[in-house]
$ cat target.cif   # mmCIF, C-alpha atoms
data_coords
loop_
_atom_site.label_atom_id
_atom_site.label_comp_id
_atom_site.auth_asym_id
_atom_site.auth_seq_id
_atom_site.Cartn_x
_atom_site.Cartn_y
_atom_site.Cartn_z
CA MET A 1 -56.51 8.79 -7.90
CA HIS A 2 -59.75 10.45 -8.67
CA ALA A 3 -59.33 13.00 -5.94
CA ARG A 4 -55.73 13.70 -6.94
CA LEU A 5 -56.76 14.33 -10.52
CA ARG A 6 -59.30 16.84 -9.42
CA CYS A 7 -56.81 18.52 -7.17
CA SER A 8 -54.34 18.99 -9.98
CA ALA A 9 -57.06 20.30 -12.24
CA VAL A 10 -58.06 22.85 -9.69
CA ARG A 11 -54.49 23.84 -8.95
CA GLY A 12 -53.76 24.19 -12.65
CA LEU A 13 -56.76 26.38 -13.04
CA SER A 14 -55.93 28.65 -10.20
CA SER A 15 -52.44 29.18 -11.51
CA ALA A 16 -53.73 29.85 -14.99
CA VAL A 17 -56.49 32.21 -14.04
CA LYS A 18 -54.65 33.92 -11.21
CA ALA A 19 -57.76 34.57 -9.23
CA SER A 20 -56.65 32.68 -6.19
CA ARG A 21 -59.15 34.22 -3.86
CA ILE A 22 -61.97 32.48 -5.70
CA TYR A 23 -60.35 29.12 -6.10
CA ARG A 24 -58.70 28.54 -2.76
CA PRO A 25 -61.89 27.93 -0.82
CA VAL A 26 -63.16 25.80 -3.69
CA ALA A 27 -59.97 23.74 -3.76
CA SER A 28 -60.17 23.19 -0.05
CA GLN A 29 -63.85 22.31 -0.07
CA LEU A 30 -64.08 20.34 -3.24
CA PRO A 31 -62.10 17.15 -2.69
CA CYS A 32 -62.86 16.73 1.00
CA ALA A 33 -66.12 14.83 0.63
CA PRO A 34 -64.86 12.16 -1.83
CA ILE A 35 -61.52 11.74 -0.01
CA VAL A 36 -63.19 11.04 3.30
CA SER A 37 -65.65 8.62 1.82
CA VAL A 38 -63.01 6.73 -0.19
CA SER A 39 -60.33 6.44 2.49
CA THR A 40 -62.62 5.23 5.26
CA ARG A 41 -64.70 3.10 2.86
CA GLN A 42 -68.01 4.53 3.91
CA TYR A 43 -71.03 3.96 1.77
CA ALA A 44 -72.66 6.92 0.16
CA SER A 45 -75.94 6.18 1.92
CA ALA A 46 -74.20 6.27 5.28
CA ALA A 47 -72.94 9.79 4.74
CA ALA A 48 -75.17 12.59 5.90
CA PRO A 49 -76.94 14.30 2.96
CA SER A 50 -75.85 17.70 4.24
CA GLN A 51 -72.21 16.84 3.45
CA LEU A 52 -73.04 15.96 -0.16
CA THR A 53 -74.66 19.24 -1.09
CA VAL A 54 -72.72 21.31 -3.58
CA PRO A 55 -71.38 24.49 -2.05
CA LYS A 56 -72.75 27.75 -3.40
CA ASP A 57 -69.44 28.86 -4.83
CA TYR A 58 -68.67 25.49 -6.42
CA VAL A 59 -66.84 25.77 -9.70
CA PRO A 60 -66.90 22.69 -11.93
CA PRO A 61 -63.34 21.79 -12.98
CA THR A 62 -64.46 21.00 -16.51
CA GLN A 63 -66.12 24.38 -16.95
CA PRO A 64 -63.89 26.95 -15.33
CA PRO A 65 -65.09 30.50 -14.91
CA THR A 66 -63.77 32.94 -17.39
CA ALA A 67 -60.87 35.17 -16.53
CA ARG A 68 -62.37 38.04 -18.49
CA PRO A 69 -63.98 40.84 -16.58
CA ALA A 70 -67.77 40.57 -16.56
CA ASP A 71 -68.40 43.62 -18.71
CA VAL A 72 -66.42 42.37 -21.70
CA ARG A 73 -67.58 38.77 -21.53
CA LYS A 74 -69.28 37.89 -24.78
CA ALA A 75 -72.32 36.29 -23.17
CA GLN A 76 -72.72 39.30 -20.93
CA LEU A 77 -72.21 41.63 -23.88
CA LEU A 78 -74.91 39.81 -25.83
CA ARG A 79 -77.34 40.14 -22.94
CA SER A 80 -76.58 43.82 -22.54
CA TYR A 81 -77.16 44.36 -26.26
CA THR A 82 -80.49 42.51 -26.28
CA SER A 83 -81.60 44.52 -23.28
CA LEU A 84 -80.46 47.71 -24.99
CA LEU A 85 -82.32 46.84 -28.18
CA ARG A 86 -85.50 46.00 -26.28
CA SER A 87 -85.43 49.16 -24.23
CA THR A 88 -84.41 51.79 -26.77
CA PRO A 89 -87.11 52.99 -29.17
CA LEU A 90 -84.79 55.37 -31.02
CA MET A 91 -81.33 54.36 -32.14
CA LEU A 92 -78.87 55.89 -34.61
CA VAL A 93 -76.19 53.76 -36.23
CA PHE A 94 -72.83 55.35 -37.01
CA GLN A 95 -69.79 53.97 -38.75
CA HIS A 96 -66.57 55.12 -37.11
CA ASN A 97 -63.38 55.04 -39.13
CA ASN A 98 -60.37 54.86 -36.80
CA LEU A 99 -61.31 57.52 -34.28
CA THR A 100 -58.76 58.09 -31.56
CA ALA A 101 -59.67 58.13 -27.89
CA THR A 102 -59.26 61.91 -27.60
CA GLU A 103 -61.55 62.40 -30.60
CA TRP A 104 -64.20 60.20 -29.00
CA ALA A 105 -63.92 62.16 -25.79
CA ALA A 106 -64.31 65.46 -27.67
CA ILE A 107 -67.35 64.20 -29.58
CA ARG A 108 -69.02 62.87 -26.45
CA ARG A 109 -68.34 66.16 -24.68
CA GLU A 110 -69.93 68.23 -27.46
CA LEU A 111 -72.87 65.86 -27.64
CA ARG A 112 -73.41 66.12 -23.90
CA ILE A 113 -73.30 69.92 -24.03
CA ALA A 114 -75.76 70.07 -26.92
CA LEU A 115 -78.19 67.61 -25.35
CA ALA A 116 -78.13 69.35 -21.98
CA GLU A 117 -79.50 72.50 -23.61
CA VAL A 118 -82.61 70.78 -24.95
CA PRO A 119 -85.58 71.61 -22.69
CA ALA A 120 -87.23 68.70 -20.91
CA GLY A 121 -90.37 67.19 -22.42
CA SER A 122 -93.95 67.79 -21.34
CA ASP A 123 -93.64 65.21 -18.55
CA GLY A 124 -90.78 67.19 -17.02
CA VAL A 125 -88.25 64.34 -17.25
CA ASP A 126 -84.86 65.25 -18.63
CA ILE A 127 -83.70 62.29 -20.72
CA SER A 128 -80.42 63.81 -21.87
CA PRO A 129 -78.19 62.03 -19.30
CA ALA A 130 -79.56 58.69 -20.53
CA ILE A 131 -78.62 59.33 -24.17
CA GLY A 132 -75.33 57.69 -24.93
CA LEU A 133 -73.02 57.05 -27.83
CA GLN A 134 -71.38 53.67 -27.49
CA VAL A 135 -69.11 51.64 -29.69
CA ILE A 136 -70.51 48.18 -30.29
CA ARG A 137 -69.09 44.82 -31.26
CA THR A 138 -70.79 44.47 -34.63
CA ARG A 139 -71.13 40.70 -34.83
CA ILE A 140 -72.48 40.31 -31.32
CA PHE A 141 -74.83 43.22 -31.91
CA ASP A 142 -76.02 41.49 -35.07
CA ILE A 143 -76.79 38.32 -33.13
CA ALA A 144 -78.51 40.32 -30.39
CA LEU A 145 -80.69 41.97 -33.02
CA LYS A 146 -81.61 38.55 -34.40
CA ILE A 147 -82.61 37.35 -30.93
CA VAL A 148 -84.70 40.45 -30.31
CA GLU A 149 -86.44 40.13 -33.68
CA PHE A 150 -87.03 36.41 -34.01
CA PHE A 151 -87.22 35.06 -30.46
CA ASP A 152 -90.35 35.43 -28.36
CA PRO A 153 -89.58 34.39 -24.77
CA SER A 154 -93.27 34.09 -23.88
CA LYS A 155 -93.76 31.23 -26.32
CA VAL A 156 -91.14 28.88 -24.87
CA GLU A 157 -92.53 25.57 -23.59
CA PRO A 158 -91.51 24.52 -20.06
CA THR A 159 -89.05 21.64 -19.79
CA LEU A 160 -88.47 19.11 -17.02
CA ALA A 161 -85.38 19.72 -14.96
CA THR A 162 -83.93 17.81 -12.02
CA THR A 163 -83.31 19.73 -8.84
CA LEU A 164 -80.51 19.01 -6.38
CA THR A 165 -82.87 16.88 -4.33
CA GLY A 166 -83.66 14.74 -7.37
CA LYS A 167 -87.14 16.09 -7.92
CA ARG A 168 -88.36 16.70 -11.49
CA VAL A 169 -89.84 20.13 -11.87
CA LYS A 170 -91.14 22.12 -14.81
CA THR A 171 -88.89 25.02 -15.63
CA VAL A 172 -88.92 27.58 -18.42
CA TYR A 173 -85.56 28.46 -19.88
CA ASN A 174 -86.31 31.48 -22.02
CA HIS A 175 -83.36 33.75 -21.42
CA ASP A 176 -81.44 35.18 -24.35
CA LEU A 177 -78.64 32.65 -24.02
CA SER A 178 -81.02 29.68 -23.91
CA GLU A 179 -81.21 26.86 -26.40
CA ALA A 180 -84.71 28.00 -27.32
CA ALA A 181 -83.38 31.40 -28.36
CA TYR A 182 -80.61 29.80 -30.39
CA LYS A 183 -83.07 27.50 -32.17
CA ALA A 184 -85.55 30.29 -32.89
CA VAL A 185 -82.82 32.41 -34.46
CA LYS A 186 -81.45 29.49 -36.47
CA GLU A 187 -84.91 28.59 -37.71
CA ALA A 188 -85.70 32.15 -38.81
CA THR A 189 -82.45 32.66 -40.70
CA LYS A 190 -81.78 29.13 -42.00
CA ASP A 191 -82.43 30.00 -45.66
CA GLY A 192 -80.25 33.08 -45.59
CA LEU A 193 -81.12 36.68 -45.12
CA ALA A 194 -83.03 37.09 -48.39
CA GLU A 195 -85.42 34.26 -47.54
CA ALA A 196 -86.07 35.32 -43.96
CA LYS A 197 -89.43 36.93 -43.36
CA PRO A 198 -89.27 40.71 -43.69
CA SER A 199 -88.51 42.33 -40.37
CA ALA A 200 -86.47 45.14 -38.91
CA TYR A 201 -83.54 42.74 -38.77
CA THR A 202 -83.51 41.99 -42.49
CA GLU A 203 -83.61 45.72 -43.19
CA LEU A 204 -80.97 46.65 -40.65
CA ALA A 205 -78.59 43.75 -41.31
CA PRO A 206 -76.80 45.33 -44.33
CA LEU A 207 -75.87 48.26 -42.09
CA LEU A 208 -74.13 46.05 -39.56
CA VAL A 209 -70.78 45.96 -41.30
CA GLY A 210 -67.46 47.16 -40.01
CA PRO A 211 -66.81 49.21 -36.90
CA LEU A 212 -70.05 50.69 -35.59
CA ALA A 213 -71.27 52.92 -32.80
CA VAL A 214 -74.87 53.44 -31.73
CA LEU A 215 -76.52 56.46 -30.21
CA THR A 216 -79.45 55.32 -28.10
CA PHE A 217 -82.34 57.35 -26.71
CA PRO A 218 -84.65 56.16 -23.91
CA THR A 219 -87.70 57.74 -25.59
CA VAL A 220 -88.58 59.03 -29.03
CA SER A 221 -87.77 62.69 -28.56
CA PRO A 222 -87.40 64.58 -31.86
CA ALA A 223 -85.95 67.59 -30.06
CA HIS A 224 -83.09 65.55 -28.61
CA LEU A 225 -82.63 63.75 -31.92
CA ALA A 226 -82.35 67.07 -33.74
CA ALA A 227 -79.76 68.31 -31.23
CA ALA A 228 -77.73 65.12 -31.65
CA LEU A 229 -77.97 65.28 -35.45
CA LYS A 230 -76.77 68.89 -35.43
CA VAL A 231 -73.65 67.84 -33.56
CA LEU A 232 -72.87 64.45 -35.06
CA ALA A 233 -74.09 64.73 -38.65
CA PRO A 234 -74.88 68.37 -39.45
CA SER A 235 -76.67 68.98 -42.74
CA PRO A 236 -77.70 72.59 -43.31
CA PRO A 237 -80.25 74.13 -43.63
CA ALA A 238 -82.46 71.87 -41.50
CA PHE A 239 -79.73 70.70 -39.11
CA PRO A 240 -76.96 73.31 -39.05
CA ALA A 241 -73.82 72.75 -37.02
CA PRO A 242 -73.66 74.57 -33.66
CA PRO A 243 -72.57 78.22 -33.95
CA ARG A 244 -68.86 78.85 -33.61
CA LYS A 245 -69.15 81.67 -31.07
CA LYS A 246 -71.33 79.79 -28.64
CA TYR A 247 -69.61 76.42 -28.98
CA PRO A 248 -65.90 76.97 -29.63
CA GLY A 249 -65.15 73.43 -28.42
CA TYR A 250 -67.08 72.01 -31.36
CA TYR A 251 -64.65 73.68 -33.77
CA ASP A 252 -61.67 72.31 -31.92
CA PRO A 253 -59.51 70.44 -34.48
CA VAL A 254 -59.70 67.26 -32.41
CA ALA A 255 -63.49 67.27 -32.40
CA GLN A 256 -63.69 68.21 -36.08
CA ASN A 257 -61.26 65.46 -37.07
CA GLY A 258 -63.34 62.95 -35.16
CA LEU A 259 -66.60 64.14 -36.68
CA GLN A 260 -65.20 63.81 -40.18
CA LYS A 261 -64.57 60.15 -39.49
CA LEU A 262 -68.00 59.50 -38.03
CA LEU A 263 -70.58 58.49 -40.61
CA LEU A 264 -74.31 58.26 -39.95
CA VAL A 265 -75.56 55.25 -41.89
CA GLY A 266 -79.07 54.76 -40.60
CA GLY A 267 -81.33 54.33 -37.64
CA ARG A 268 -84.21 52.53 -36.06
CA VAL A 269 -87.30 54.27 -34.69
CA GLU A 270 -89.83 52.13 -32.83
CA GLY A 271 -88.96 49.01 -34.77
CA LYS A 272 -88.87 50.71 -38.16
CA VAL A 273 -85.65 51.26 -40.05
CA PHE A 274 -84.90 54.68 -41.53
CA ASP A 275 -82.08 56.05 -43.65
CA ILE A 276 -80.56 59.50 -43.13
CA ASP A 277 -83.46 61.32 -44.77
CA GLY A 278 -85.87 59.38 -42.59
CA MET A 279 -83.92 60.34 -39.48
CA HIS A 280 -83.97 63.98 -40.59
CA TRP A 281 -87.73 63.72 -41.00
CA VAL A 282 -88.13 62.31 -37.48
CA GLY A 283 -85.82 65.00 -36.11
CA SER A 284 -87.80 67.74 -37.82
CA ILE A 285 -91.09 66.94 -36.05
CA GLU A 286 -91.78 70.21 -34.25
CA GLY A 287 -92.69 69.87 -30.60
CA GLY A 288 -92.21 66.13 -30.47
CA LEU A 289 -94.79 63.38 -30.25
CA ASP A 290 -97.13 65.50 -28.15
CA SER A 291 -97.58 67.97 -30.97
CA LEU A 292 -98.19 65.11 -33.42
CA ARG A 293 -100.87 63.74 -31.11
CA ALA A 294 -102.40 67.21 -30.74
CA GLN A 295 -102.46 67.59 -34.52
CA LEU A 296 -104.19 64.22 -34.85
CA VAL A 297 -106.76 65.07 -32.19
CA TYR A 298 -107.44 68.43 -33.84
CA MET A 299 -107.81 66.78 -37.23
CA LEU A 300 -110.24 64.18 -35.89
CA GLN A 301 -112.21 66.81 -34.01
CA SER A 302 -112.49 69.13 -36.98
CA ALA A 303 -113.45 66.21 -39.21
CA GLY A 304 -116.16 65.26 -36.70
CA LEU A 305 -117.36 68.82 -36.57
CA GLY A 306 -117.58 68.98 -40.35
CA LEU A 307 -119.40 65.66 -40.48
CA THR A 308 -122.01 66.64 -37.89
CA SER A 309 -122.60 69.99 -39.52
CA THR A 310 -123.00 68.28 -42.90
CA LEU A 311 -125.41 65.71 -41.51
CA GLU A 312 -127.24 68.37 -39.59
CA GLY A 313 -127.39 70.59 -42.66
CA ALA A 314 -129.83 68.35 -44.58
CA GLY A 315 -132.18 68.12 -41.61
CA LYS A 316 -131.86 71.80 -40.93
CA SER A 317 -132.64 72.83 -44.48
CA LEU A 318 -135.59 70.44 -44.58
CA TRP A 319 -136.87 71.90 -41.35
CA LEU A 320 -136.38 75.42 -42.65
CA THR A 321 -138.26 74.61 -45.87
CA MET A 322 -141.11 72.97 -44.02
CA GLU A 323 -141.23 75.82 -41.54
CA SER A 324 -141.36 78.45 -44.25
CA ARG A 325 -143.98 76.43 -46.10
CA ARG A 326 -146.05 76.21 -42.92
CA SER A 327 -145.87 79.91 -42.35
CA VAL A 328 -146.93 80.51 -45.94
CA LEU A 329 -149.86 78.10 -45.54
CA GLU A 330 -150.83 79.66 -42.23
CA GLU A 331 -150.80 83.08 -43.76
CA ALA A 332 -152.86 81.78 -46.67
CA GLU A 333 -155.38 80.29 -44.22
CA LYS A 334 -155.43 83.44 -42.15
CA GLY A 335 -155.76 85.66 -45.19
CA PRO A 336 -159.37 84.79 -46.17
CA GLN A 337 -160.50 84.69 -42.53
CA GLU A 338 -159.16 88.17 -41.93
CA ALA A 339 -160.88 89.30 -45.13
CA GLU A 340 -164.14 87.80 -43.87
CA LYS A 341 -163.70 89.54 -40.56
CA THR A 342 -163.25 92.91 -42.17
CA GLU A 343 -166.35 92.29 -44.32
CA SER A 344 -168.52 91.45 -41.33
CA MET B 1 -52.43 48.79 -46.68
CA ILE B 2 -49.98 51.44 -47.88
CA THR B 3 -51.80 54.77 -47.73
CA ARG B 4 -48.84 57.12 -48.01
CA PHE B 5 -49.25 57.64 -51.74
CA ILE B 6 -53.00 58.10 -51.85
CA THR B 7 -54.12 61.74 -52.22
CA ASP B 8 -57.85 61.44 -52.90
CA VAL B 9 -60.50 58.95 -51.93
CA THR B 10 -64.06 59.47 -53.16
CA THR B 11 -66.79 57.01 -52.31
CA ARG B 12 -70.47 56.88 -53.04
CA PHE B 13 -72.61 54.12 -51.62
CA ASN B 14 -76.03 53.23 -50.33
CA PRO B 15 -75.42 51.78 -46.85
CA PHE B 16 -78.58 49.68 -47.09
CA SER B 17 -77.14 47.73 -49.99
CA PRO B 18 -75.10 44.64 -49.09
CA ARG B 19 -72.77 45.55 -51.98
CA ALA B 20 -71.62 48.66 -50.13
CA LYS B 21 -69.62 46.55 -47.71
CA ALA B 22 -66.32 46.79 -49.56
CA ALA B 23 -66.51 50.57 -49.92
CA ARG B 24 -67.35 51.00 -46.25
CA LEU B 25 -64.56 48.70 -45.14
CA PHE B 26 -62.10 50.56 -47.35
CA LEU B 27 -62.83 53.73 -45.37
CA THR B 28 -61.99 51.91 -42.17
CA ARG B 29 -58.60 50.92 -43.58
CA LEU B 30 -57.45 54.53 -43.80
CA PRO B 31 -55.30 55.55 -40.81
CA PRO B 32 -56.60 57.94 -38.10
CA GLY B 33 -54.44 60.81 -39.28
CA ALA B 34 -55.18 60.40 -42.99
CA ARG B 35 -56.92 63.76 -43.35
CA ALA B 36 -54.28 65.53 -41.31
CA SER B 37 -51.57 64.20 -43.62
CA GLY B 38 -53.24 65.74 -46.65
CA MET B 39 -55.51 63.04 -47.97
CA ASN B 40 -58.88 64.23 -49.26
CA ILE B 41 -61.62 61.85 -48.29
CA ALA B 42 -65.11 62.49 -49.61
CA THR B 43 -67.97 60.17 -48.78
CA GLN B 44 -71.44 60.49 -50.19
CA LEU B 45 -74.25 58.41 -48.79
CA LEU B 46 -77.02 57.61 -51.22
CA PRO B 47 -80.65 57.35 -50.10
CA ARG B 48 -82.04 53.96 -49.25
CA THR B 49 -84.10 53.57 -52.40
CA SER B 50 -81.15 54.26 -54.67
CA THR B 51 -79.98 51.44 -56.90
CA GLU B 52 -76.83 53.20 -58.04
CA PRO B 53 -73.81 50.90 -57.72
CA SER B 54 -71.35 51.82 -54.98
CA SER B 55 -68.21 53.43 -56.32
CA LEU B 56 -64.70 54.10 -55.10
CA HIS B 57 -62.26 56.49 -56.78
CA ILE B 58 -58.68 56.66 -55.64
CA LYS B 59 -56.04 59.13 -56.81
CA PHE B 60 -52.35 58.60 -56.22
CA LYS B 61 -49.48 61.04 -55.85
CA ASP B 62 -48.15 60.23 -59.31
CA GLY B 63 -51.51 61.19 -60.82
CA LYS B 64 -52.81 57.70 -61.41
CA GLU B 65 -56.54 57.35 -60.90
CA MET B 66 -58.12 54.10 -59.91
CA LYS B 67 -61.80 53.45 -60.40
CA ILE B 68 -62.65 50.43 -58.34
CA ASP B 69 -65.72 48.32 -58.86
CA CYS B 70 -67.00 47.71 -55.36
CA GLU B 71 -69.88 45.55 -56.56
CA THR B 72 -67.76 42.59 -57.47
CA MET B 73 -64.50 43.08 -55.59
CA ASN B 74 -64.24 42.40 -51.91
CA ILE B 75 -62.06 44.35 -49.52
CA LYS B 76 -59.11 41.96 -49.85
CA ASN B 77 -59.04 42.35 -53.61
CA ILE B 78 -59.33 46.12 -53.36
CA VAL B 79 -56.45 46.35 -50.89
CA GLU B 80 -54.39 44.10 -53.12
CA GLU B 81 -55.11 46.25 -56.14
CA VAL B 82 -54.30 49.50 -54.35
CA ASP B 83 -51.16 48.10 -52.78
CA ARG B 84 -49.92 46.83 -56.13
CA HIS B 85 -49.57 50.40 -57.36
CA SER B 86 -48.50 51.78 -53.97
CA ARG B 87 -45.63 49.33 -53.77
CA ALA B 88 -44.31 50.48 -57.12
CA LEU B 89 -44.45 54.08 -55.91
CA GLN B 90 -42.74 53.12 -52.68
CA LYS B 91 -39.99 51.40 -54.58
CA ALA B 92 -39.42 54.47 -56.73
CA ASP B 93 -39.47 56.62 -53.61
CA ASP B 94 -36.89 54.42 -51.90
CA MET B 95 -34.62 54.49 -54.94
CA ALA B 96 -34.79 58.29 -55.14
CA SER B 97 -33.95 58.86 -51.48
#

$ encode --input "target.cif" --output "structure tokens"
Amino acid sequence: MHARLRCSAVRGLSSAVKASRIYRPVASQLPCAPIVSVSTRQYASAAAPSQLTVPKDYVPPTQPPTARPADVRKAQLLRSYTSLLRSTPLMLVFQHNNLTATEWAAIRRELRIALAEVPAGSDGVDISPAIGLQVIRTRIFDIALKIVEFFDPSKVEPTLATTLTGKRVKTVYNHDLSEAAYKAVKEATKDGLAEAKPSAYTELAPLLVGPLAVLTFPTVSPAHLAAALKVLAPSPPAFPAPPRKKYPGYYDPVAQNGLQKLLLVGGRVEGKVFDIDGMHWVGSIEGGLDSLRAQLVYMLQSAGLGLTSTLEGAGKSLWLTMESRRSVLEEAEKGPQEAEKTES
Amino acid sequence: MITRFITDVTTRFNPFSPRAKAARLFLTRLPPGARASGMNIATQLLPRTSTEPSSLHIKFKDGKEMKIDCETMNIKNIVEEVDRHSRALQKADDMAS
């Protein structure tokens, strides 16, 4: 009875999911151990332990695998978003209002062309192929942002788990889909958004409304950001649209229609949230972070120079005064002696 | 939502304000070819520090202007309000043709 029930469950599944190549071996392997033991009335202890081990591709009948492809599975999507949020220091958030597929293609094409023309940074690595504009699922992105902000995987306590051999071992479950992550997020946002401690999430949360797309950069590169802003959200005079003669594709009606429906609402730079003006400011940093660092070094050096010269100045002037006084005194001492000499 | 009879949509909002939600969602309700079919859509984003309430102005083909209060109305109410007038226009249009 038991075995038959399982069989029907498995058969029902395979017909529903239509992925017979996964389930057939499972269906053939699964009931064999219980059937043999029941029909011949063997005791469990008599059976060899190797027969009782769960096969690697075992699929529990009560928790069937999803029929969705892996890349659109919500759990997988959430993990990809958390990984994206952890790895991208510079992110622009756009609202897209009913763009068609051809318009998206045109916008991505123009963006790719504009980014390819930006010279590589001082380290010689061209990041432009890694910059991508992707449409996100807003609610899942919101949850991923919460996990990234409020959950610290290094602080999860290990729990006891039973292995297949019955041993109790300490294991840390600190992945983004773990219970610990869920509890941390719930705890941080239990009193509503207004009561949650101020963080990038509480600032960014009002933006996460409606259909969104994010443009992500692997490093903070103001030059690439400026190029992207010129294409996606031009605002003369600082960020003029690409010239018509050089980039006729940008003035294609399809691309222009798409750009009109794309709305830059904000961005995040190294954990800080900026509005459009803030993004323009970041994009207008000449020469990138290296030049900022050089400016800082120059400022510190010149300040040091000024300080040492100031500190030195007092000593120097004292020394000069004393020296001049000494020479005066020496001359005064010499004076009478010389007079005596001339007399004698 | 019936968008055939809308000629102008003007919105102003600060995206960092939670009250801007309705105005932003209204923009997403407009069809992909809205601009191509002659609708003027103007969106102005306010800076983050702005406390100006988000606003939505809609003009219809018959000249009626609607000034919608996005602070208190949610997207459902806005769509209802816009459709109420659009349906009347549609009815008149159907009778004429």

$ residues_around --input "target.cif" --residues "Gln44 of chain B" --least-positions-apart "5" --cutoff "10 Å" --atoms "all atoms listed in the file" --output "number ranges by chain"
A: 263; B: 10-14, 54-55

$ atom_distance --input "target.cif" --atom1 "atom CA of Val254 of chain A" --atom2 "atom CA of Val9 of chain B"
21.2 Å

$ interface_residues --input "target.cif" --of "chain B" --to "chain A" --cutoff "6 Å" --atoms "only C-alpha atoms" --output "MDAnalysis selection string"
chainID B and resid 15:16 18 28 32 48

$ closest_residue --input "target.cif" --among "A:Val214, A:Ala114, A:Ala181, A:Ala144" --to "Phe94 of chain A" --atoms "all atoms listed in the file"
A:Val214

$ residues_around --input "target.cif" --residues "segment 70-72 of chain B" --least-positions-apart "2" --cutoff "9 Å" --atoms "all atoms listed in the file" --output "PyMOL selection string"
chain B and resi 19-23+53-56+68+74-75+78

$ residues_near_point --input "target.cif" --point "(-79.4, 54.9, -35.9)" --cutoff "6 Å" --atoms "all atoms listed in the file" --output "number ranges by chain"
A: 91-93, 266-268

$ residues_around --input "target.cif" --residues "Ile285 of chain A" --least-positions-apart "4" --cutoff "12 Å" --atoms "all atoms listed in the file" --output "PyMOL selection string"
chain A and resi 220-226+238+278-281+289-293+295

$ atom_distance --input "target.cif" --atom1 "atom CA of Ile6 of chain B" --atom2 "atom CA of Gln90 of chain B"
11.4 Å

$ resolve_selection --input "target.cif" --expression "the PyMOL selection byres ((chain A and resi 217) around 8)" --output "MDAnalysis selection string"
chainID A and resid 88:91 127 130:132 215:216 218:221

$ write_last_selection --input "target.cif" --atoms "C-alpha atoms" --output "PDB file, in the frame of the given file"
ATOM      1  CA  THR A  88     -84.410  51.790 -26.770  1.00  0.00           C
ATOM      2  CA  PRO A  89     -87.110  52.990 -29.170  1.00  0.00           C
ATOM      3  CA  LEU A  90     -84.790  55.370 -31.020  1.00  0.00           C
ATOM      4  CA  MET A  91     -81.330  54.360 -32.140  1.00  0.00           C
ATOM      5  CA  ILE A 127     -83.700  62.290 -20.720  1.00  0.00           C
ATOM      6  CA  ALA A 130     -79.560  58.690 -20.530  1.00  0.00           C
ATOM      7  CA  ILE A 131     -78.620  59.330 -24.170  1.00  0.00           C
ATOM      8  CA  GLY A 132     -75.330  57.690 -24.930  1.00  0.00           C
ATOM      9  CA  LEU A 215     -76.520  56.460 -30.210  1.00  0.00           C
ATOM     10  CA  THR A 216     -79.450  55.320 -28.100  1.00  0.00           C
ATOM     11  CA  PRO A 218     -84.650  56.160 -23.910  1.00  0.00           C
ATOM     12  CA  THR A 219     -87.700  57.740 -25.590  1.00  0.00           C
ATOM     13  CA  VAL A 220     -88.580  59.030 -29.030  1.00  0.00           C
ATOM     14  CA  SER A 221     -87.770  62.690 -28.560  1.00  0.00           C
TER      15      SER A 221
END

$ residues_near_point --input "target.cif" --point "(-54.7, 60.7, -44.3)" --cutoff "10 Å" --atoms "only C-alpha atoms" --output "list of chain:residue names"
B:Thr3, B:Arg4, B:Phe5, B:Ile6, B:Thr7, B:Asp8, B:Val9, B:Leu30, B:Pro31, B:Pro32, B:Gly33, B:Ala34, B:Arg35, B:Ala36, B:Ser37, B:Gly38, B:Met39, B:Asn40, B:Ile41

$ write_last_selection --input "target.cif" --atoms "C-alpha atoms" --output "short mmCIF file (atom, residue, chain, number, x, y, z; two decimals), in the coordinates of the input"
data_model
loop_
_atom_site.label_atom_id
_atom_site.label_comp_id
_atom_site.auth_asym_id
_atom_site.auth_seq_id
_atom_site.Cartn_x
_atom_site.Cartn_y
_atom_site.Cartn_z
CA THR B 3 -51.80 54.77 -47.73
CA ARG B 4 -48.84 57.12 -48.01
CA PHE B 5 -49.25 57.64 -51.74
CA ILE B 6 -53.00 58.10 -51.85
CA THR B 7 -54.12 61.74 -52.22
CA ASP B 8 -57.85 61.44 -52.90
CA VAL B 9 -60.50 58.95 -51.93
CA LEU B 30 -57.45 54.53 -43.80
CA PRO B 31 -55.30 55.55 -40.81
CA PRO B 32 -56.60 57.94 -38.10
CA GLY B 33 -54.44 60.81 -39.28
CA ALA B 34 -55.18 60.40 -42.99
CA ARG B 35 -56.92 63.76 -43.35
CA ALA B 36 -54.28 65.53 -41.31
CA SER B 37 -51.57 64.20 -43.62
CA GLY B 38 -53.24 65.74 -46.65
CA MET B 39 -55.51 63.04 -47.97
CA ASN B 40 -58.88 64.23 -49.26
CA ILE B 41 -61.62 61.85 -48.29
#

$ resolve_selection --input "target.cif" --expression "the PyMOL selection byres ((chain B and resi 89) around 12)" --output "compact mmCIF listing (two decimals) with C-alpha atoms, keeping the file's coordinate frame"
# COMPACT_ATOMS: atom_id res chain seq x y z
CA ILE B 2 -49.98 51.44 -47.88
CA THR B 3 -51.80 54.77 -47.73
CA ARG B 4 -48.84 57.12 -48.01
CA PHE B 5 -49.25 57.64 -51.74
CA ILE B 6 -53.00 58.10 -51.85
CA PHE B 60 -52.35 58.60 -56.22
CA LYS B 61 -49.48 61.04 -55.85
CA ASP B 62 -48.15 60.23 -59.31
CA GLY B 63 -51.51 61.19 -60.82
CA LYS B 64 -52.81 57.70 -61.41
CA VAL B 82 -54.30 49.50 -54.35
CA ASP B 83 -51.16 48.10 -52.78
CA ARG B 84 -49.92 46.83 -56.13
CA HIS B 85 -49.57 50.40 -57.36
CA SER B 86 -48.50 51.78 -53.97
CA ARG B 87 -45.63 49.33 -53.77
CA ALA B 88 -44.31 50.48 -57.12
CA GLN B 90 -42.74 53.12 -52.68
CA LYS B 91 -39.99 51.40 -54.58
CA ALA B 92 -39.42 54.47 -56.73
CA ASP B 93 -39.47 56.62 -53.61
CA ASP B 94 -36.89 54.42 -51.90
CA MET B 95 -34.62 54.49 -54.94
CA ALA B 96 -34.79 58.29 -55.14
